Amino acid sequence: MMRLAVLSFVFSFMIFTANSAQAAKDCYSPVEAEAEQGIRIHSELMVIGLNCQHMGQRKGMNLYSTYRQFTADHADLFARYEEIILSRFKTDGVKKPEAALNTLRTSFANKISKDVAKMRPDIFCSRYAPRIVQAADMKHADLRKWAATIYESHPVSKPVCKS
């Protein structure tokens with residue numbers, strides 16, 4: 001009887017563990033969600049910088065150069081975000097995690113590029129270029145707070161796991 005109870009417990013534990021692993025695979029931890037959003041922000045700012053680099057010329061600044069400096073200032077944070085997402089891809093069994101990360105970045109860039117295509121360049125740049133100037137002034141903590149904020153219009157690929 002005791003043996004049956006132990007086997008029953010072990011079997012139940014295995015099912016619970018398998019279900020928990022599947023549930024964790026279906027959602028992001030808050031850190032993973034922040035990492036994906038950070039990569040999205042970085043990708044979007046690149047597109048904005050490239051398309052609107054002329055916007056600051058009267059003030060002696062090139063927005064793409066400003067974006068590049070922003071990237072250099074936060075390179076360690078962006079590298080960490082990439083490590084987090086690559087780790088998640090590996091955990092999920094993605095065969096080519098680096099390629100999947102590149103695809104993710106490209107999809108983020110393509111999304112904002114569609115906005116570029118729908119608007120006149122001057123309208124797009126007047127709407128989006130200020131993001132580069134704002135981002136350039138951010139400290140790591142500010143950027144992390146921005147990346148950790150999930151907006152309805154910019155959801156992450158997976159829901160955030162409930163605690």
# chains A, B, ... in the order shown; residues from 1 in each chain; ligands from 1

call {"tool": "residues_around", "arguments": {"residues": "Cys125 of chain A", "least_positions_apart": "6", "cutoff": "12 Å", "atoms": "only C-alpha atoms", "output": "number ranges by chain"}}
result
A: 45, 47-56, 63, 112-113, 115-117, 119, 131-132

call {"tool": "write_last_selection", "arguments": {"atoms": "C-alpha atoms", "output": "CSV table (one decimal), in the first residue's frame"}}
result
chain,number,residue,atom,x,y,z
A,45,LEU,CA,15.4,53.3,-32.8
A,47,VAL,CA,15.0,52.4,-38.2
A,48,ILE,CA,14.1,55.8,-36.9
A,49,GLY,CA,17.7,57.0,-36.8
A,50,LEU,CA,18.3,55.8,-40.4
A,51,ASN,CA,15.1,57.4,-41.7
A,52,CYS,CA,15.3,60.6,-39.8
A,53,GLN,CA,19.0,61.3,-39.6
A,54,HIS,CA,18.6,64.6,-41.3
A,55,MET,CA,16.2,65.9,-38.6
A,56,GLY,CA,18.7,67.4,-36.3
A,63,LEU,CA,20.0,61.3,-35.4
A,112,ILE,CA,8.1,50.2,-37.8
A,113,SER,CA,9.3,50.3,-41.4
A,115,ASP,CA,4.8,52.9,-40.5
A,116,VAL,CA,7.6,54.7,-42.5
A,117,ALA,CA,6.0,53.5,-45.7
A,119,MET,CA,3.5,58.2,-43.8
A,131,ARG,CA,12.4,59.1,-29.3
A,132,ILE,CA,16.0,59.1,-30.2

call {"tool": "residues_around", "arguments": {"residues": "Ser43 of chain A", "least_positions_apart": "4", "cutoff": "7 Å", "atoms": "only C-alpha atoms", "output": "number ranges by chain"}}
result
A: 39, 47, 105, 108-109

call {"tool": "residues_around", "arguments": {"residues": "Ala135 of chain A", "least_positions_apart": "3", "cutoff": "10 Å", "atoms": "only C-alpha atoms", "output": "list of chain:residue names"}}
result
A:Ile41, A:His42, A:Leu45, A:Thr66, A:Tyr67, A:Phe70, A:Thr71, A:Pro130, A:Arg131, A:Ile132, A:Met138, A:Lys139, A:Asp142, A:Leu143, A:Trp146

call {"tool": "select_by_dssp", "arguments": {"residues": "chain A", "states": "helix (DSSP H, G or I)", "output": "JSON, numbers by chain"}}
result
{"A": [2, 3, 4, 5, 6, 7, 8, 9, 10, 11, 12, 13, 14, 15, 16, 17, 18, 19, 20, 21, 22, 23, 24, 25, 30, 31, 32, 33, 34, 35, 36, 37, 38, 39, 40, 41, 42, 43, 44, 45, 46, 47, 48, 49, 50, 51, 53, 54, 55, 56, 57, 58, 59, 63, 64, 65, 66, 67, 68, 69, 70, 71, 72, 73, 75, 76, 77, 78, 79, 80, 81, 82, 83, 84, 85, 86, 87, 88, 89, 90, 91, 97, 98, 99, 100, 101, 102, 103, 104, 105, 106, 107, 108, 109, 110, 111, 112, 113, 114, 115, 116, 117, 118, 121, 122, 123, 124, 125, 126, 127, 128, 130, 131, 132, 133, 134, 135, 136, 140, 141, 142, 143, 144, 145, 146, 147, 148]}

call {"tool": "residues_around", "arguments": {"residues": "Arg80 of chain A", "least_positions_apart": "4", "cutoff": "8 Å", "atoms": "only C-alpha atoms", "output": "mmCIF file with N, CA and C atoms, in the first residue's frame"}}
result
data_model
loop_
_atom_site.group_PDB
_atom_site.id
_atom_site.type_symbol
_atom_site.label_atom_id
_atom_site.label_comp_id
_atom_site.auth_asym_id
_atom_site.auth_seq_id
_atom_site.Cartn_x
_atom_site.Cartn_y
_atom_site.Cartn_z
ATOM 1 N N ALA A 35 13.749 41.869 -21.779
ATOM 2 C CA ALA A 35 14.797 41.673 -22.785
ATOM 3 C C ALA A 35 14.235 41.795 -24.197
ATOM 4 N N ASP A 76 26.395 47.078 -23.171
ATOM 5 C CA ASP A 76 26.378 45.955 -22.229
ATOM 6 C C ASP A 76 24.954 45.520 -21.898
ATOM 7 N N ILE A 84 19.821 36.856 -22.784
ATOM 8 C CA ILE A 84 18.588 36.353 -22.164
ATOM 9 C C ILE A 84 17.688 35.705 -23.212
#

call {"tool": "closest_residue", "arguments": {"among": "A:Arg40, A:Ile123, A:Ala72, A:Val94", "to": "Lys25 of chain A", "atoms": "only C-alpha atoms"}}
result
A:Val94

call {"tool": "select_by_dssp", "arguments": {"residues": "chain A", "states": "strand (DSSP E or B)", "output": "ChimeraX atom specification"}}
result
/A:28,151,154,160

call {"tool": "closest_residue", "arguments": {"among": "A:Gln37, A:Thr149, A:Met61, A:Ser29", "to": "Phe78 of chain A", "atoms": "only C-alpha atoms"}}
result
A:Gln37
